[in-house]
Each structure stands twice: as C-alpha cells, then as structure tokens.
>>> print(open('run36.cif').read())   # mmCIF, C-alpha atoms and all ligand atoms; chains and numbers go by the auth columns
data_structure
loop_
_atom_site.group_PDB
_atom_site.id
_atom_site.type_symbol
_atom_site.label_atom_id
_atom_site.label_comp_id
_atom_site.label_asym_id
_atom_site.label_seq_id
_atom_site.Cartn_x
_atom_site.Cartn_y
_atom_site.Cartn_z
_atom_site.B_iso_or_equiv
_atom_site.auth_seq_id
_atom_site.auth_asym_id
ATOM 1 C CA MET A 1 28.797 14.102 11.941 0.00 1 M
ATOM 2 C CA THR A 2 31.870 12.582 10.333 0.00 2 M
ATOM 3 C CA THR A 3 35.328 13.067 11.766 0.00 3 M
ATOM 4 C CA GLU A 4 36.243 15.179 8.746 0.00 4 M
ATOM 5 C CA THR A 5 33.225 17.489 9.209 0.00 5 M
ATOM 6 C CA ASN A 6 34.023 17.700 12.879 0.00 6 M
ATOM 7 C CA LEU A 7 37.630 18.601 12.116 0.00 7 M
ATOM 8 C CA ASN A 8 36.549 21.242 9.597 0.00 8 M
ATOM 9 C CA ALA A 9 34.218 22.801 12.185 0.00 9 M
ATOM 10 C CA LEU A 10 37.084 22.912 14.685 0.00 10 M
ATOM 11 C CA ILE A 11 39.359 24.550 12.118 0.00 11 M
ATOM 12 C CA VAL A 12 36.693 27.179 11.373 0.00 12 M
ATOM 13 C CA ARG A 13 36.421 27.832 15.105 0.00 13 M
ATOM 14 C CA ARG A 14 40.196 28.231 15.294 0.00 14 M
ATOM 15 C CA THR A 15 40.204 30.738 12.428 0.00 15 M
ATOM 16 C CA LYS A 16 37.553 32.798 14.265 0.00 16 M
ATOM 17 C CA LEU A 17 39.556 32.676 17.486 0.00 17 M
ATOM 18 C CA LEU A 18 42.699 33.816 15.641 0.00 18 M
ATOM 19 C CA GLU A 19 40.772 36.770 14.186 0.00 19 M
ATOM 20 C CA LYS A 20 39.482 37.633 17.653 0.00 20 M
ATOM 21 C CA LEU A 21 43.005 37.284 19.086 0.00 21 M
ATOM 22 C CA SER A 22 44.414 39.786 16.601 0.00 22 M
ATOM 23 C CA SER A 23 41.796 42.345 17.638 0.00 23 M
ATOM 24 C CA TYR A 24 43.425 42.406 21.095 0.00 24 M
ATOM 25 C CA GLY A 25 46.950 42.581 19.706 0.00 25 M
ATOM 26 C CA GLU A 26 47.520 46.017 21.211 0.00 26 M
ATOM 27 C CA HIS A 27 47.948 45.263 24.902 0.00 27 M
ATOM 28 C CA ILE A 28 50.268 45.648 27.855 0.00 28 M
ATOM 29 C CA ARG A 29 50.869 43.477 30.898 0.00 29 M
ATOM 30 C CA GLY A 30 51.012 44.842 34.409 0.00 30 M
ATOM 31 C CA SER A 31 48.919 46.541 37.038 0.00 31 M
ATOM 32 C CA ILE A 32 48.030 50.085 37.981 0.00 32 M
ATOM 33 C CA ASN A 33 48.737 51.348 41.489 0.00 33 M
ATOM 34 C CA GLU A 34 47.260 54.506 42.939 0.00 34 M
ATOM 35 C CA ILE A 35 49.657 56.335 45.206 0.00 35 M
ATOM 36 C CA CYS A 36 49.653 59.524 47.238 0.00 36 M
ATOM 37 C CA ALA A 37 51.347 62.355 45.307 0.00 37 M
ATOM 38 C CA ALA A 38 53.096 63.600 48.463 0.00 38 M
ATOM 39 C CA CYS A 39 54.415 60.510 50.264 0.00 39 M
ATOM 40 C CA LYS A 40 54.430 58.174 47.191 0.00 40 M
ATOM 41 C CA LEU A 41 52.819 55.360 49.191 0.00 41 M
ATOM 42 C CA CYS A 42 49.770 53.219 48.406 0.00 42 M
ATOM 43 C CA ASN A 43 48.664 53.496 52.031 0.00 43 M
ATOM 44 C CA CYS A 44 49.068 57.231 52.535 0.00 44 M
ATOM 45 C CA THR A 45 50.753 58.222 55.786 0.00 45 M
ATOM 46 C CA CYS A 46 50.252 61.979 55.375 0.00 46 M
ATOM 47 C CA VAL A 47 48.462 63.857 58.153 0.00 47 M
ATOM 48 C CA PRO A 48 46.170 65.383 57.098 0.00 48 M
ATOM 49 C CA SER A 49 45.628 62.965 54.244 0.00 49 M
ATOM 50 C CA ASN A 50 46.827 64.255 50.874 0.00 50 M
ATOM 51 C CA PRO A 51 43.946 64.049 48.378 0.00 51 M
ATOM 52 C CA LYS A 52 46.222 64.286 45.300 0.00 52 M
ATOM 53 C CA LYS A 53 46.842 60.928 43.679 0.00 53 M
ATOM 54 C CA GLN A 54 49.380 59.648 41.190 0.00 54 M
ATOM 55 C CA TYR A 55 49.309 56.468 39.171 0.00 55 M
ATOM 56 C CA ARG A 56 52.035 53.965 38.485 0.00 56 M
ATOM 57 C CA LEU A 57 52.192 50.983 36.196 0.00 57 M
ATOM 58 C CA THR A 58 54.050 47.983 37.596 0.00 58 M
ATOM 59 C CA TYR A 59 55.139 45.262 35.206 0.00 59 M
ATOM 60 C CA LYS A 60 57.841 42.665 34.692 0.00 60 M
ATOM 61 C CA ASP A 61 60.379 43.208 31.929 0.00 61 M
ATOM 62 C CA GLN A 62 61.847 40.484 29.697 0.00 62 M
ATOM 63 C CA THR A 63 64.264 39.420 32.450 0.00 63 M
ATOM 64 C CA GLN A 64 61.328 39.171 34.920 0.00 64 M
ATOM 65 C CA ARG A 65 62.524 42.205 36.894 0.00 65 M
ATOM 66 C CA THR A 66 59.729 44.308 38.306 0.00 66 M
ATOM 67 C CA ARG A 67 59.598 47.777 36.763 0.00 67 M
ATOM 68 C CA THR A 68 57.486 50.757 37.663 0.00 68 M
ATOM 69 C CA ILE A 69 56.663 53.741 35.508 0.00 69 M
ATOM 70 C CA TYR A 70 54.602 56.839 36.190 0.00 70 M
ATOM 71 C CA ILE A 71 51.334 57.130 34.258 0.00 71 M
ATOM 72 C CA PRO A 72 50.107 60.638 33.459 0.00 72 M
ATOM 73 C CA LYS A 73 46.490 61.168 34.538 0.00 73 M
ATOM 74 C CA GLU A 74 45.356 61.670 30.926 0.00 74 M
ATOM 75 C CA ARG A 75 46.642 58.186 29.997 0.00 75 M
ATOM 76 C CA ILE A 76 44.885 56.225 32.780 0.00 76 M
ATOM 77 C CA LYS A 77 41.871 55.305 30.649 0.00 77 M
ATOM 78 C CA GLU A 78 44.083 54.174 27.737 0.00 78 M
ATOM 79 C CA THR A 79 46.326 52.185 30.105 0.00 79 M
ATOM 80 C CA LYS A 80 43.340 50.426 31.731 0.00 80 M
ATOM 81 C CA SER A 81 42.037 49.532 28.282 0.00 81 M
ATOM 82 C CA LEU A 82 45.423 48.088 27.243 0.00 82 M
ATOM 83 C CA LEU A 83 45.608 46.051 30.469 0.00 83 M
ATOM 84 C CA LEU A 84 42.097 44.713 29.854 0.00 84 M
ATOM 85 C CA ASN A 85 43.114 43.814 26.290 0.00 85 M
ATOM 86 C CA HIS A 86 45.938 41.747 27.746 0.00 86 M
ATOM 87 C CA GLN A 87 43.486 39.778 29.923 0.00 87 M
ATOM 88 C CA LYS A 88 41.250 39.129 26.901 0.00 88 M
ATOM 89 C CA PHE A 89 44.277 38.177 24.770 0.00 89 M
ATOM 90 C CA LYS A 90 45.415 35.658 27.398 0.00 90 M
ATOM 91 C CA SER A 91 41.913 34.207 27.716 0.00 91 M
ATOM 92 C CA ILE A 92 41.589 33.704 23.938 0.00 92 M
ATOM 93 C CA LEU A 93 45.100 32.246 23.788 0.00 93 M
ATOM 94 C CA LYS A 94 44.095 29.647 26.403 0.00 94 M
ATOM 95 C CA LYS A 95 41.022 28.696 24.361 0.00 95 M
ATOM 96 C CA LEU A 96 43.153 28.521 21.227 0.00 96 M
ATOM 97 C CA ALA A 97 45.679 26.218 22.885 0.00 97 M
ATOM 98 C CA ALA A 98 42.881 23.877 24.047 0.00 98 M
ATOM 99 C CA LEU A 99 41.300 23.911 20.580 0.00 99 M
ATOM 100 C CA ASN A 100 44.628 23.207 18.882 0.00 100 M
ATOM 101 C CA PHE A 101 45.071 20.209 21.149 0.00 101 M
ATOM 102 C CA THR A 102 41.608 18.940 20.225 0.00 102 M
ATOM 103 C CA ILE A 103 42.449 19.369 16.524 0.00 103 M
ATOM 104 C CA TYR A 104 45.756 17.598 17.072 0.00 104 M
ATOM 105 C CA LYS A 105 43.953 14.640 18.667 0.00 105 M
ATOM 106 C CA CYS A 106 41.390 14.487 15.790 0.00 106 M
ATOM 107 C CA LYS A 107 44.030 14.047 13.112 0.00 107 M
HETATM 108 ZN ZN ZN B . 50.555 60.633 51.504 0.00 201 I
#
>>> encode(input="run36.cif", output="structure tokens")
Amino acid sequence: MTTETNLNALIVRRTKLLEKLSSYGEHIRGSINEICAACKLCNCTCVPSNPKKQYRLTYKDQTQRTRTIYIPKERIKETKSLLLNHQKFKSILKKLAALNFTIYKCK
C-alpha cells in the first residue's frame, strides 16, 4: 500500500468517526446521585428507612464549580441516556485525536 493510499484510508476513517461523533452530539456531563427524599442524603439516616428516593444530577459548570440540580423521576431515563452519550462522545473524540495525529505524521 502506498503512503497516499494509506493516507486516503485514514482520511476515510476520520470522516466516519466524525459522522459517528455527530450522532452523540446531544449529551450532558455529570453524574446521577440517588438520595433519600426525606433526609436528602445518599446514605439515608432515617429510622425507619425512608423508601422514597429522589435523583440529583451533579456536574461542573464552565467555571468548574460543582452544581447540583434535581431530576424529576420521569426524566431519569433520558438523563442516563444523555450521560451515556457523553461517554461515547468522549471515547470517539479520543480516537479522532489519535487518528488526526497519525494523519499529521503521514503528511
Ligand atoms: Zn433518609
């Protein structure tokens, strides 16, 4: 395989990765915490234990300050999906960066 063919194959791979990356464009960063609805703690201290749970999303804002917002129960599934999209987005971005470096070295 010539260097040019090799380079073209790498560029095709990059185009595919960019397409894949855009499919995970809708994403959010953070983590979901399950807390007790009564005492608002992750490790419930209620006696007897309160079975009702609430969910919070913890994330860092643009200034890297930790923020927490309440997630309504009906949005848990959507939120988990958006968080998973972020993981996939980051993973593809890593591959893309490595591939771009390989392309850079080929030129
Ligand atoms: Zn509790």
>>> atom_distance(input="run36.cif", atom1="CA of Asp61 in chain M", atom2="CA of Ile28 in chain M")
11.2 Å
>>> resolve_selection(input="run36.cif", expression="the PyMOL selection byres (((not hetatm)) within 7 of (chain I and resi 201))", output="PyMOL selection string")
chain M and resi 36-41+44-46+49-50
>>> write_last_selection(input="run36.cif", atoms="C-alpha atoms", output="PDB file, in the coordinates of the input")
ATOM      1  CA  CYS M  36      49.653  59.524  47.238  1.00  0.00           C
ATOM      2  CA  ALA M  37      51.347  62.355  45.307  1.00  0.00           C
ATOM      3  CA  ALA M  38      53.096  63.600  48.463  1.00  0.00           C
ATOM      4  CA  CYS M  39      54.415  60.510  50.264  1.00  0.00           C
ATOM      5  CA  LYS M  40      54.430  58.174  47.191  1.00  0.00           C
ATOM      6  CA  LEU M  41      52.819  55.360  49.191  1.00  0.00           C
ATOM      7  CA  CYS M  44      49.068  57.231  52.535  1.00  0.00           C
ATOM      8  CA  THR M  45      50.753  58.222  55.786  1.00  0.00           C
ATOM      9  CA  CYS M  46      50.252  61.979  55.375  1.00  0.00           C
ATOM     10  CA  SER M  49      45.628  62.965  54.244  1.00  0.00           C
ATOM     11  CA  ASN M  50      46.827  64.255  50.874  1.00  0.00           C
TER      12      ASN M  50
END
>>> residues_around(input="run36.cif", residues="Phe101 in chain M", least_positions_apart="4", cutoff="12 Å", atoms="only C-alpha atoms", output="VMD selection string")
chain M and resid 7 10 to 11 14 94 to 97 105 to 107
>>> closest_residue(input="run36.cif", among="M:Pro51, M:Lys90, M:Ile35, M:Ile103", to="Tyr70 in chain M", atoms="all atoms listed in the file")
M:Ile35
>>> resolve_selection(input="run36.cif", expression="the PyMOL selection byres (((chain M and resi 54-59) around 6) and not hetatm)", output="list in words")
Gly30, Ser31, Ile32, Asn33, Glu34, Ile35, Ala37, Lys53, Lys60, Thr66, Arg67, Thr68, Ile69, Tyr70 and Ile71 of chain M
>>> decode(input="run36.cif", residues="range 4-104 of chain M", atoms="C-alpha atoms", output="mmCIF file, in the first residue's frame")
data_model
loop_
_atom_site.group_PDB
_atom_site.id
_atom_site.type_symbol
_atom_site.label_atom_id
_atom_site.label_comp_id
_atom_site.auth_asym_id
_atom_site.auth_seq_id
_atom_site.Cartn_x
_atom_site.Cartn_y
_atom_site.Cartn_z
ATOM 1 C CA GLU M 4 -1.052 8.093 -0.461
ATOM 2 C CA THR M 5 -3.477 5.132 -0.337
ATOM 3 C CA ASN M 6 -2.732 4.751 3.332
ATOM 4 C CA LEU M 7 -3.422 8.436 3.927
ATOM 5 C CA ASN M 8 -6.680 8.252 1.966
ATOM 6 C CA ALA M 9 -7.807 5.266 4.057
ATOM 7 C CA LEU M 10 -7.034 7.212 7.234
ATOM 8 C CA ILE M 11 -8.998 10.209 5.964
ATOM 9 C CA VAL M 12 -11.982 7.966 5.164
ATOM 10 C CA ARG M 13 -11.756 6.559 8.685
ATOM 11 C CA ARG M 14 -11.720 10.096 10.077
ATOM 12 C CA THR M 15 -14.820 11.051 8.085
ATOM 13 C CA LYS M 16 -16.641 8.006 9.519
ATOM 14 C CA LEU M 17 -15.560 8.903 13.044
ATOM 15 C CA LEU M 18 -16.784 12.489 12.569
ATOM 16 C CA GLU M 19 -20.176 11.177 11.417
ATOM 17 C CA LYS M 20 -20.317 8.890 14.446
ATOM 18 C CA LEU M 21 -19.288 11.783 16.717
ATOM 19 C CA SER M 22 -22.154 13.950 15.489
ATOM 20 C CA SER M 23 -24.643 11.196 16.324
ATOM 21 C CA TYR M 24 -23.720 11.669 20.003
ATOM 22 C CA GLY M 25 -23.866 15.454 19.813
ATOM 23 C CA GLU M 26 -26.772 15.602 22.246
ATOM 24 C CA HIS M 27 -25.127 14.842 25.576
ATOM 25 C CA ILE M 28 -24.567 16.134 29.079
ATOM 26 C CA ARG M 29 -21.688 15.710 31.501
ATOM 27 C CA GLY M 30 -22.162 14.782 35.123
ATOM 28 C CA SER M 31 -23.391 12.012 37.359
ATOM 29 C CA ILE M 32 -26.681 10.951 38.872
ATOM 30 C CA ASN M 33 -26.999 10.558 42.633
ATOM 31 C CA GLU M 34 -29.856 8.773 44.339
ATOM 32 C CA ILE M 35 -30.846 10.384 47.603
ATOM 33 C CA CYS M 36 -33.447 9.817 50.288
ATOM 34 C CA ALA M 37 -36.471 12.091 49.738
ATOM 35 C CA ALA M 38 -36.752 12.796 53.479
ATOM 36 C CA CYS M 39 -33.207 13.421 54.734
ATOM 37 C CA LYS M 40 -31.676 14.340 51.313
ATOM 38 C CA LEU M 41 -28.644 12.124 51.956
ATOM 39 C CA CYS M 42 -27.066 9.425 49.783
ATOM 40 C CA ASN M 43 -26.586 7.252 52.862
ATOM 41 C CA CYS M 44 -30.035 7.561 54.402
ATOM 42 C CA THR M 45 -30.054 8.170 58.147
ATOM 43 C CA CYS M 46 -33.832 7.905 58.583
ATOM 44 C CA VAL M 47 -35.168 5.381 61.090
ATOM 45 C CA PRO M 48 -37.123 3.566 59.833
ATOM 46 C CA SER M 49 -35.516 3.887 56.427
ATOM 47 C CA ASN M 50 -37.441 6.104 54.011
ATOM 48 C CA PRO M 51 -38.122 4.141 50.809
ATOM 49 C CA LYS M 52 -38.852 7.267 48.710
ATOM 50 C CA LYS M 53 -35.928 8.287 46.542
ATOM 51 C CA GLN M 54 -35.027 11.445 44.674
ATOM 52 C CA TYR M 55 -32.439 11.936 41.980
ATOM 53 C CA ARG M 56 -29.910 14.684 41.515
ATOM 54 C CA LEU M 57 -27.554 15.481 38.691
ATOM 55 C CA THR M 58 -24.138 16.744 39.760
ATOM 56 C CA TYR M 59 -21.966 18.463 37.186
ATOM 57 C CA LYS M 60 -19.307 21.133 36.847
ATOM 58 C CA ASP M 61 -20.232 24.417 35.194
ATOM 59 C CA GLN M 62 -17.982 26.447 32.877
ATOM 60 C CA THR M 63 -16.059 27.861 35.853
ATOM 61 C CA GLN M 64 -15.528 24.298 37.193
ATOM 62 C CA ARG M 65 -17.872 24.886 40.141
ATOM 63 C CA THR M 66 -19.849 21.836 41.152
ATOM 64 C CA ARG M 67 -23.581 22.270 40.583
ATOM 65 C CA THR M 68 -26.458 20.048 41.549
ATOM 66 C CA ILE M 69 -29.936 20.004 40.087
ATOM 67 C CA TYR M 70 -32.974 17.901 40.898
ATOM 68 C CA ILE M 71 -34.040 15.405 38.228
ATOM 69 C CA PRO M 72 -37.742 14.566 38.028
ATOM 70 C CA LYS M 73 -38.361 10.806 38.087
ATOM 71 C CA GLU M 74 -39.815 10.865 34.557
ATOM 72 C CA ARG M 75 -36.539 12.299 33.189
ATOM 73 C CA ILE M 76 -34.160 9.719 34.728
ATOM 74 C CA LYS M 77 -34.079 7.500 31.640
ATOM 75 C CA GLU M 78 -33.453 10.483 29.325
ATOM 76 C CA THR M 79 -30.746 11.833 31.658
ATOM 77 C CA LYS M 80 -28.960 8.451 31.820
ATOM 78 C CA SER M 81 -29.043 8.268 28.032
ATOM 79 C CA LEU M 82 -27.555 11.776 27.708
ATOM 80 C CA LEU M 83 -24.804 10.902 30.209
ATOM 81 C CA LEU M 84 -24.008 7.729 28.261
ATOM 82 C CA ASN M 85 -23.881 9.786 25.052
ATOM 83 C CA HIS M 86 -21.257 11.969 26.698
ATOM 84 C CA GLN M 87 -19.084 8.918 27.472
ATOM 85 C CA LYS M 88 -19.397 7.721 23.863
ATOM 86 C CA PHE M 89 -18.678 11.239 22.554
ATOM 87 C CA LYS M 90 -15.507 11.446 24.663
ATOM 88 C CA SER M 91 -14.381 7.988 23.548
ATOM 89 C CA ILE M 92 -14.821 8.847 19.847
ATOM 90 C CA LEU M 93 -13.096 12.196 20.374
ATOM 91 C CA LYS M 94 -10.066 10.370 21.817
ATOM 92 C CA LYS M 95 -9.938 8.066 18.785
ATOM 93 C CA LEU M 96 -10.299 11.063 16.487
ATOM 94 C CA ALA M 97 -7.427 12.895 18.170
ATOM 95 C CA ALA M 98 -5.169 9.823 17.811
ATOM 96 C CA LEU M 99 -6.181 9.403 14.162
ATOM 97 C CA ASN M 100 -5.571 13.078 13.404
ATOM 98 C CA PHE M 101 -2.092 12.726 14.853
ATOM 99 C CA THR M 102 -1.432 9.696 12.653
ATOM 100 C CA ILE M 103 -2.638 11.658 9.606
ATOM 101 C CA TYR M 104 -0.466 14.589 10.635
#
